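Below: coords20.txt (compact mmCIF, C-alpha atoms)
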```txt
# COMPACT_ATOMS: atom_id res chain seq x y z
CA MET A 12 0.00 0.00 0.00
CA TYR A 13 1.77 3.19 1.17
CA LEU A 14 4.62 1.60 3.15
CA TYR A 15 7.38 2.39 0.62
CA HIS A 16 5.98 5.89 0.00
CA TYR A 17 6.42 6.87 3.66
CA GLY A 18 9.42 4.65 4.35
CA ILE A 19 7.75 2.55 7.03
CA LYS A 20 7.96 -1.19 7.71
CA GLU A 21 4.29 -1.83 8.58
CA LEU A 22 0.90 -0.16 8.73
CA PRO A 23 0.91 2.09 11.83
CA PHE A 24 -2.83 2.47 12.34
CA THR A 25 -4.36 -0.99 12.13
CA LEU A 26 -7.34 -1.85 14.34
CA THR A 27 -5.81 -5.09 15.65
CA PRO A 28 -4.57 -4.55 19.23
CA ASN A 29 -0.77 -4.81 19.10
CA THR A 30 1.17 -4.47 22.34
CA SER A 31 4.28 -3.30 20.48
CA TYR A 32 2.33 -0.09 19.75
CA PHE A 33 1.32 0.40 23.39
CA PHE A 34 1.71 4.14 23.97
CA GLY A 35 1.25 4.27 27.71
CA LEU A 36 -1.48 6.90 27.96
CA PRO A 37 -1.90 8.04 31.58
CA SER A 38 -5.28 6.30 31.72
CA HIS A 39 -3.82 3.05 30.40
CA LYS A 40 -0.84 3.16 32.76
CA GLU A 41 -3.12 3.78 35.74
CA ALA A 42 -5.39 0.89 34.73
CA LEU A 43 -2.43 -1.50 34.48
CA ALA A 44 -1.07 -0.32 37.84
CA VAL A 45 -4.47 -0.90 39.47
CA LEU A 46 -4.75 -4.37 37.93
CA ILE A 47 -1.29 -5.57 38.90
CA THR A 48 -1.57 -4.15 42.44
CA ALA A 49 -4.99 -5.72 42.97
CA LEU A 50 -3.85 -9.11 41.65
CA LYS A 51 -0.73 -9.12 43.83
CA THR A 52 -2.85 -8.41 46.91
CA GLY A 53 -5.12 -11.36 46.10
CA GLU A 54 -8.37 -9.53 45.39
CA GLY A 55 -11.22 -11.65 44.01
CA PHE A 56 -12.90 -9.48 41.36
CA ILE A 57 -11.37 -6.54 39.46
CA LYS A 58 -13.19 -4.55 36.77
CA VAL A 59 -11.99 -2.26 33.98
CA THR A 60 -14.58 -0.44 31.88
CA GLY A 61 -14.35 1.93 28.95
CA GLU A 62 -16.21 3.08 25.89
CA VAL A 63 -15.87 1.24 22.59
CA GLY A 64 -12.42 1.80 21.08
CA THR A 65 -10.67 3.09 24.22
CA GLY A 66 -8.08 0.29 24.31
CA LYS A 67 -9.52 -2.31 26.71
CA THR A 68 -8.37 -5.30 24.66
CA LEU A 69 -4.90 -3.77 24.25
CA ILE A 70 -4.59 -3.36 28.03
CA CYS A 71 -5.92 -6.88 28.46
CA ARG A 72 -3.15 -8.27 26.23
CA LYS A 73 -0.56 -6.05 27.87
CA LEU A 74 -1.61 -7.45 31.25
CA LEU A 75 -1.29 -11.01 29.96
CA ASN A 76 2.25 -10.22 28.77
CA GLU A 77 3.37 -8.44 31.93
CA LEU A 78 1.96 -10.58 34.73
CA PRO A 79 4.80 -12.07 36.80
CA GLY A 80 5.65 -15.74 36.44
CA ASP A 81 3.94 -16.62 39.72
CA PHE A 82 0.53 -16.21 38.01
CA VAL A 83 -1.24 -18.77 35.84
CA THR A 84 -3.66 -17.10 33.43
CA ALA A 85 -6.87 -18.18 31.72
CA TYR A 86 -8.16 -15.87 28.98
CA ILE A 87 -11.68 -15.80 27.54
CA PRO A 88 -12.07 -13.23 24.71
CA ASN A 89 -15.65 -14.04 23.69
CA PRO A 90 -17.77 -14.66 26.80
CA PHE A 91 -21.23 -15.00 25.23
CA LEU A 92 -21.38 -18.48 26.75
CA SER A 93 -23.86 -20.53 28.69
CA PRO A 94 -22.83 -21.54 32.23
CA ALA A 95 -21.80 -24.99 30.97
CA GLU A 96 -19.81 -23.49 28.08
CA LEU A 97 -18.14 -21.01 30.44
CA ARG A 98 -17.12 -23.76 32.84
CA ARG A 99 -15.71 -25.84 29.99
CA SER A 100 -13.79 -22.84 28.61
CA VAL A 101 -12.23 -22.14 32.01
CA ALA A 102 -11.35 -25.83 32.38
CA ASN A 103 -9.71 -25.88 28.92
CA GLU A 104 -7.67 -22.79 29.71
CA LEU A 105 -6.38 -24.44 32.89
CA ASN A 106 -5.79 -27.80 31.18
CA VAL A 107 -8.42 -29.51 33.31
CA ALA A 108 -10.05 -32.53 31.65
CA LEU A 109 -13.84 -32.78 31.89
CA THR A 110 -16.10 -35.58 30.74
CA ASP A 111 -18.65 -34.94 27.99
CA HIS A 112 -21.47 -34.69 30.52
CA SER A 113 -19.73 -32.87 33.35
CA ASP A 114 -22.10 -31.05 35.68
CA GLN A 115 -21.48 -28.21 38.14
CA GLN A 116 -20.46 -30.64 40.88
CA GLU A 117 -17.84 -32.45 38.79
CA PHE A 118 -16.52 -29.16 37.41
CA THR A 119 -16.18 -27.69 40.90
CA HIS A 120 -14.34 -30.77 42.15
CA ARG A 121 -11.87 -30.92 39.26
CA ILE A 122 -11.26 -27.17 39.13
CA GLN A 123 -10.73 -27.03 42.88
CA GLN A 124 -8.14 -29.80 42.67
CA ALA A 125 -6.31 -27.94 39.90
CA LEU A 126 -6.42 -24.63 41.77
CA ILE A 127 -5.14 -26.19 44.99
CA HIS A 128 -2.30 -27.83 43.05
CA ILE A 129 -1.33 -24.49 41.53
CA HIS A 130 -1.62 -22.78 44.92
CA GLN A 131 0.76 -25.36 46.42
CA GLN A 132 3.32 -24.19 43.86
CA ASN A 133 2.98 -20.67 45.32
CA LYS A 134 1.21 -19.43 42.24
CA GLY A 135 -2.10 -17.64 41.72
CA VAL A 136 -4.70 -18.19 39.01
CA VAL A 137 -6.17 -15.24 37.12
CA LEU A 138 -9.21 -15.56 34.87
CA ILE A 139 -9.35 -12.64 32.41
CA ILE A 140 -12.61 -12.03 30.55
CA ASP A 141 -12.75 -9.52 27.71
CA GLU A 142 -16.05 -8.00 26.50
CA ALA A 143 -17.55 -9.06 29.83
CA GLN A 144 -20.75 -7.09 29.17
CA ALA A 145 -21.70 -9.99 26.84
CA LEU A 146 -21.83 -12.50 29.70
CA PRO A 147 -25.39 -13.84 30.12
CA MET A 148 -26.92 -13.39 33.56
CA GLU A 149 -26.79 -17.12 34.35
CA SER A 150 -23.13 -17.26 33.39
CA ILE A 151 -22.30 -14.32 35.65
CA GLU A 152 -23.78 -16.25 38.54
CA ALA A 153 -21.76 -19.33 37.54
CA LEU A 154 -18.68 -17.12 37.50
CA ARG A 155 -19.44 -15.89 41.01
CA LEU A 156 -19.74 -19.46 42.27
CA MET A 157 -16.32 -20.27 40.82
CA THR A 158 -14.72 -17.61 43.01
CA ASN A 159 -16.08 -19.24 46.18
CA LEU A 160 -13.02 -21.49 46.00
CA GLU A 161 -10.53 -20.10 48.52
CA THR A 162 -8.14 -20.86 51.33
CA GLU A 163 -8.19 -19.17 54.73
CA SER A 164 -5.87 -16.44 53.46
CA ARG A 165 -6.69 -15.83 49.77
CA LYS A 166 -8.87 -16.59 46.77
CA LEU A 167 -7.82 -19.55 44.66
CA LEU A 168 -9.24 -17.86 41.56
CA GLN A 169 -9.08 -14.15 40.78
CA VAL A 170 -11.20 -12.64 38.01
CA VAL A 171 -10.54 -9.56 35.87
CA LEU A 172 -13.50 -8.23 33.89
CA PHE A 173 -12.96 -5.93 30.90
CA GLY A 174 -16.14 -4.42 29.53
CA GLN A 175 -18.07 -1.56 28.02
CA PRO A 176 -20.22 0.75 30.22
CA GLU A 177 -23.10 -1.71 29.71
CA LEU A 178 -21.25 -3.99 32.12
CA ASP A 179 -21.82 -1.48 34.92
CA GLU A 180 -25.50 -1.32 34.02
CA LYS A 181 -25.77 -5.10 34.15
CA LEU A 182 -23.95 -5.33 37.49
CA ALA A 183 -26.31 -2.69 38.93
CA LEU A 184 -29.24 -5.13 38.61
CA PRO A 185 -30.54 -6.35 41.99
CA GLU A 186 -30.01 -10.01 41.11
CA LEU A 187 -26.28 -9.41 40.61
CA ARG A 188 -25.67 -7.46 43.80
CA GLN A 189 -23.71 -10.36 45.34
CA LEU A 190 -21.13 -10.25 42.58
CA LYS A 191 -21.01 -6.46 42.54
CA GLN A 192 -20.13 -6.45 46.25
CA ARG A 193 -17.12 -8.65 45.48
CA ILE A 194 -15.57 -6.14 43.06
CA THR A 195 -12.92 -4.54 45.24
CA PHE A 196 -10.97 -2.66 42.53
CA SER A 197 -12.37 -0.98 39.43
CA TYR A 198 -11.12 1.51 36.87
CA ASN A 199 -12.80 3.48 34.09
CA LEU A 200 -10.66 4.34 31.04
CA ARG A 201 -10.58 7.98 29.95
CA LEU A 202 -10.39 9.31 26.40
CA MET A 203 -7.34 11.18 25.07
CA ASP A 204 -7.04 14.95 25.10
CA ALA A 205 -5.75 16.94 22.08
CA ASP A 206 -2.07 16.83 23.08
CA GLN A 207 -2.27 13.09 23.79
CA VAL A 208 -3.72 12.52 20.31
CA TYR A 209 -0.73 14.38 18.84
CA GLN A 210 1.76 12.33 20.87
CA TYR A 211 -0.15 9.13 20.16
CA VAL A 212 0.00 9.65 16.37
CA ARG A 213 3.74 10.49 16.49
CA HIS A 214 4.40 7.40 18.63
CA ARG A 215 2.64 4.99 16.27
CA MET A 216 4.41 6.43 13.23
CA ALA A 217 7.77 6.06 15.01
CA VAL A 218 7.07 2.44 16.00
CA ALA A 219 6.17 1.71 12.36
CA GLY A 220 9.64 2.97 11.41
CA TYR A 221 8.89 6.47 10.14
CA LYS A 222 11.89 8.85 10.32
CA GLY A 223 10.99 11.77 8.07
CA GLN A 224 9.54 15.21 8.76
CA GLU A 225 6.35 15.45 10.76
CA LEU A 226 3.51 13.85 8.82
CA PHE A 227 0.60 15.03 10.99
CA SER A 228 0.84 18.63 12.17
CA LYS A 229 -0.60 19.78 15.48
CA LYS A 230 -3.50 21.38 13.62
CA CYS A 231 -4.26 18.08 11.94
CA CYS A 232 -4.14 16.32 15.29
CA GLU A 233 -6.45 18.91 16.84
CA ARG A 234 -8.94 18.16 14.08
CA LEU A 235 -8.46 14.44 14.68
CA PHE A 236 -9.16 15.00 18.36
CA LYS A 237 -12.38 16.91 17.69
CA ALA A 238 -13.59 14.32 15.20
CA SER A 239 -12.73 11.32 17.36
CA LYS A 240 -13.40 12.91 20.77
CA GLY A 241 -10.14 11.27 21.81
CA THR A 242 -11.11 7.66 21.02
CA PRO A 243 -7.97 5.74 19.94
CA ARG A 244 -9.77 3.43 17.52
CA ILE A 245 -11.37 6.30 15.60
CA VAL A 246 -8.03 8.14 15.50
CA ASN A 247 -6.51 5.02 13.93
CA VAL A 248 -9.23 4.85 11.27
CA LEU A 249 -8.91 8.53 10.39
CA CYS A 250 -5.10 8.49 10.26
CA HIS A 251 -5.06 5.45 8.00
CA LYS A 252 -7.50 7.10 5.57
CA ALA A 253 -5.62 10.42 5.66
CA LEU A 254 -2.34 8.64 4.87
CA MET A 255 -4.00 6.87 1.94
CA LEU A 256 -5.33 10.17 0.60
CA ALA A 257 -1.95 11.89 0.87
CA TYR A 258 -0.28 8.88 -0.78
CA GLY A 259 -2.84 8.99 -3.61
CA GLU A 260 -1.80 12.58 -4.32
CA GLY A 261 1.91 11.79 -4.06
CA LYS A 262 2.22 14.00 -0.96
CA HIS A 263 4.58 13.30 1.94
CA GLN A 264 2.63 15.30 4.49
CA VAL A 265 -0.99 15.00 5.59
CA SER A 266 -3.01 18.20 5.20
CA LEU A 267 -6.15 19.39 6.96
CA GLU A 268 -8.04 18.68 3.75
CA HIS A 269 -6.92 15.04 3.86
CA VAL A 270 -8.08 14.79 7.47
CA ASN A 271 -11.43 16.43 6.66
CA LEU A 272 -12.01 14.04 3.77
CA ALA A 273 -11.21 11.11 6.05
CA ILE A 274 -13.67 12.44 8.62
CA ASN A 275 -16.42 12.86 6.03
CA ASP A 276 -15.84 9.25 4.96
CA THR A 277 -16.09 7.85 8.51
CA GLU A 278 -19.49 7.36 10.11
CA ALA A 279 -18.10 7.16 13.65
CA ALA A 280 -16.32 10.52 13.29
CA PHE A 281 -17.83 13.85 14.25
CA LEU A 282 -17.08 16.94 12.16
CA PRO A 283 -18.68 20.08 13.68
CA SER A 284 -18.62 22.01 10.41
CA LYS A 285 -20.53 19.21 8.70
CA HIS A 286 -23.28 19.43 11.29
CA LEU A 287 -23.23 23.22 11.29
CA ARG A 288 -23.82 23.26 7.56
CA LEU A 289 -26.83 21.03 8.05
CA ILE A 290 -28.15 23.34 10.77
CA PHE A 291 -27.69 26.40 8.54
CA ILE A 292 -29.56 24.67 5.72
CA ILE A 293 -32.45 23.77 8.05
CA VAL A 294 -32.58 27.28 9.52
CA GLY A 295 -32.52 28.75 6.00
CA LEU A 296 -35.41 26.57 4.93
CA ILE A 297 -37.41 27.56 8.01
CA LEU A 298 -36.77 31.26 7.37
CA LEU A 299 -37.73 30.83 3.72
CA ALA A 300 -40.96 29.12 4.73
CA LEU A 301 -41.76 31.85 7.27
CA THR A 302 -41.06 34.58 4.69
CA ALA A 303 -43.27 32.87 2.13
CA THR A 304 -46.05 32.56 4.70
CA PHE A 305 -45.73 36.24 5.63
CA VAL A 306 -45.85 37.34 1.96
CA TYR A 307 -48.84 35.12 1.28
CA GLU A 308 -50.78 36.44 4.30
CA SER A 309 -49.93 40.04 3.33
CA TRP A 310 -51.25 39.39 -0.19
CA LEU A 311 -54.51 38.04 1.25
CA LEU A 312 -54.94 41.21 3.29
```
Kindly present the structure from the file in structure tokens form.
Amino acid sequence: MYLYHYGIKELPFTLTPNTSYFFGLPSHKEALAVLITALKTGEGFIKVTGEVGTGKTLICRKLLNELPGDFVTAYIPNPFLSPAELRRSVANELNVALTDHSDQQEFTHRIQQALIHIHQQNKGVVLIIDEAQALPMESIEALRLMTNLETESRKLLQVVLFGQPELDEKLALPELRQLKQRITFSYNLRLMDADQVYQYVRHRMAVAGYKGQELFSKKCCERLFKASKGTPRIVNVLCHKALMLAYGEGKHQVSLEHVNLAINDTEAAFLPSKHLRLIFIIVGLILLALTATFVYESWLL
């Protein structure tokens, strides 16, 4: 595509979470610090929430990579599972063999044996669930029952939930109050500000191998910020499109026009001028209608 044109080794603004591009936004660093501290202190449930595209999955993968060796991890990326499917997924992640017709009792027995064995090796077990807002109600209850396994001093299974704000709404339901009370640490991801967008774009270009003059000016990044409201995923989409547009014109610098065209081509982006034009058109039509009505009524008189 445009790799040779810009002298880069790979696409810098893909949507696939890649820990090598982890920028370390203050919000992301704080979330990781909260997670690692909570896990080291043996807390049962930990929750991280954030809007769509704020980097939850990236932090999730970063956590998996950075957890110390005294943790055994189980990762479930797609949790839209029945209680039986959830139990089987957890068992598979922990290399626990279940029979074809395993029930709750057999699962509990086998999982408990595995967790005790791991605990005897002075290790902890962390179950990480991404997109946790998709967990069915019955499966959330099954998850809560799993965390009843504990010694006198600590939980045998710790759970980290990553989810959209809908997760908070679900946990606020009266029937889930028992699980909500067990969440001892939680963190809500914040969006980027304008300067962070600028630094974020520069960082990703540098990681991709770019070494030339500044491709995205501060003005371009300010426009990116306004259009994305600081959401990393939308910034990635807009930057990729803007780079393609500049490449198509043989340019080696992205202009405001390129950014505006990318914004107009992206449904998730917000361009104030685009909406203002629509408002002006509507207001103009209303004024035209009122004028026509006034002229018509004056003619009748």
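Considering only C-alpha atoms, the residue among A:Val208, A:His130, A:Ala42, A:Asn89 positioned nearest to A:Gly61 is A:Ala42.
Counting all atoms listed in the file, the residue from A:Val265, A:Ala257, A:Val63, A:Ala183 that sits nearest to A:Cys232 is A:Val265.
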Can you tell me which residues surround stretch 18-25 of chain A at a distance of at most 8 Å, considering only C-alpha atoms, apart from same-chain residues fewer than 4 positions away, and format the answer as an mmCIF file with C-alpha atoms, in the frame of the given file?
```cif
data_model
loop_
_atom_site.group_PDB
_atom_site.id
_atom_site.type_symbol
_atom_site.label_atom_id
_atom_site.label_comp_id
_atom_site.auth_asym_id
_atom_site.auth_seq_id
_atom_site.Cartn_x
_atom_site.Cartn_y
_atom_site.Cartn_z
ATOM 1 C CA LEU A 14 4.620 1.600 3.150
ATOM 2 C CA ARG A 215 2.640 4.990 16.270
ATOM 3 C CA MET A 216 4.410 6.430 13.230
ATOM 4 C CA VAL A 218 7.070 2.440 16.000
ATOM 5 C CA ALA A 219 6.170 1.710 12.360
ATOM 6 C CA GLY A 220 9.640 2.970 11.410
ATOM 7 C CA TYR A 221 8.890 6.470 10.140
ATOM 8 C CA LYS A 222 11.890 8.850 10.320
ATOM 9 C CA ASN A 247 -6.510 5.020 13.930
ATOM 10 C CA VAL A 248 -9.230 4.850 11.270
ATOM 11 C CA CYS A 250 -5.100 8.490 10.260
ATOM 12 C CA HIS A 251 -5.060 5.450 8.000
#
```
Work out where the centre of an axis-aligned box around every listed atom of stretch 99-117 of chain A lies and how long its edges are once 8 Å is added on each side; give both in Å to one decimal as lines of an AutoDock Vina configuration file.
```
center_x = -13.9
center_y = -28.9
center_z = 34.4
size_x = 32.3
size_y = 29.4
size_z = 28.9
```
Applying 10 Å and all atoms listed in the file, which residues near A:Thr119 remain after dropping the ones on its own chain fewer than 5 positions away? List them as a VMD selection string. chain A and resid 98 102 113 to 114 124 to 125 156 to 157 159 to 160
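Nearest-residue note for A:Cys231: choosing from A:Leu267, A:Ala205, A:Leu249, A:Leu43, the minimum distance belongs to A:Leu267, counting all atoms listed in the file.
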Between A:Val107, A:Val170, A:Ile87, A:Leu200, which has the minimum distance to A:Gly66 (counting all atoms listed in the file)? A:Leu200
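Residue nearest A:Leu50, chosen from A:Val246, A:Ile129, A:Ile151, A:Leu167 and counting all atoms listed in the file: A:Leu167.
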By how many Å are atom CA of A:Leu146 and atom CA of A:Leu187 apart? 12.2 Å
Interatomic distance between atom CA of A:Glu278 and atom CA of A:Leu235? 13.9 Å
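Proximity of A:Arg201, A:Lys237, A:His214, A:Arg155 to A:Gln189, computed with only C-alpha atoms, is greatest for A:Arg155.
The space between atom CA of A:Thr27 and atom CA of A:Lys73 spans 13.3 Å.
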Could you list, as a PDB file with C-alpha atoms, in the frame of the given file, every residue within 12 Å of A:Arg234, counting only C-alpha atoms and ignoring same-chain residues fewer than 3 positions away?
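Output file around23.pdb follows:
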```
ATOM      1  CA  ASP A 204      -7.040  14.950  25.100  1.00  0.00           C
ATOM      2  CA  ALA A 205      -5.750  16.940  22.080  1.00  0.00           C
ATOM      3  CA  ASP A 206      -2.070  16.830  23.080  1.00  0.00           C
ATOM      4  CA  VAL A 208      -3.720  12.520  20.310  1.00  0.00           C
ATOM      5  CA  TYR A 209      -0.730  14.380  18.840  1.00  0.00           C
ATOM      6  CA  PHE A 227       0.600  15.030  10.990  1.00  0.00           C
ATOM      7  CA  SER A 228       0.840  18.630  12.170  1.00  0.00           C
ATOM      8  CA  LYS A 229      -0.600  19.780  15.480  1.00  0.00           C
ATOM      9  CA  LYS A 230      -3.500  21.380  13.620  1.00  0.00           C
ATOM     10  CA  CYS A 231      -4.260  18.080  11.940  1.00  0.00           C
ATOM     11  CA  LYS A 237     -12.380  16.910  17.690  1.00  0.00           C
ATOM     12  CA  ALA A 238     -13.590  14.320  15.200  1.00  0.00           C
ATOM     13  CA  SER A 239     -12.730  11.320  17.360  1.00  0.00           C
ATOM     14  CA  LYS A 240     -13.400  12.910  20.770  1.00  0.00           C
ATOM     15  CA  GLY A 241     -10.140  11.270  21.810  1.00  0.00           C
ATOM     16  CA  VAL A 246      -8.030   8.140  15.500  1.00  0.00           C
ATOM     17  CA  LEU A 249      -8.910   8.530  10.390  1.00  0.00           C
ATOM     18  CA  CYS A 250      -5.100   8.490  10.260  1.00  0.00           C
ATOM     19  CA  ALA A 253      -5.620  10.420   5.660  1.00  0.00           C
ATOM     20  CA  SER A 266      -3.010  18.200   5.200  1.00  0.00           C
ATOM     21  CA  LEU A 267      -6.150  19.390   6.960  1.00  0.00           C
ATOM     22  CA  GLU A 268      -8.040  18.680   3.750  1.00  0.00           C
ATOM     23  CA  HIS A 269      -6.920  15.040   3.860  1.00  0.00           C
ATOM     24  CA  VAL A 270      -8.080  14.790   7.470  1.00  0.00           C
ATOM     25  CA  ASN A 271     -11.430  16.430   6.660  1.00  0.00           C
ATOM     26  CA  LEU A 272     -12.010  14.040   3.770  1.00  0.00           C
ATOM     27  CA  ALA A 273     -11.210  11.110   6.050  1.00  0.00           C
ATOM     28  CA  ILE A 274     -13.670  12.440   8.620  1.00  0.00           C
ATOM     29  CA  ALA A 280     -16.320  10.520  13.290  1.00  0.00           C
ATOM     30  CA  PHE A 281     -17.830  13.850  14.250  1.00  0.00           C
ATOM     31  CA  LEU A 282     -17.080  16.940  12.160  1.00  0.00           C
ATOM     32  CA  PRO A 283     -18.680  20.080  13.680  1.00  0.00           C
ATOM     33  CA  SER A 284     -18.620  22.010  10.410  1.00  0.00           C
TER      34      SER A 284
END
```
List the spatial neighbours of A:Glu96 as a PyMOL selection string - criterion: any atom at most 12 Å away, all atoms listed in the file, same-chain residues fewer than 2 positions off excluded. chain A and resi 87+89-94+98-103+109+111-115+118+146-147+149-150+153-154
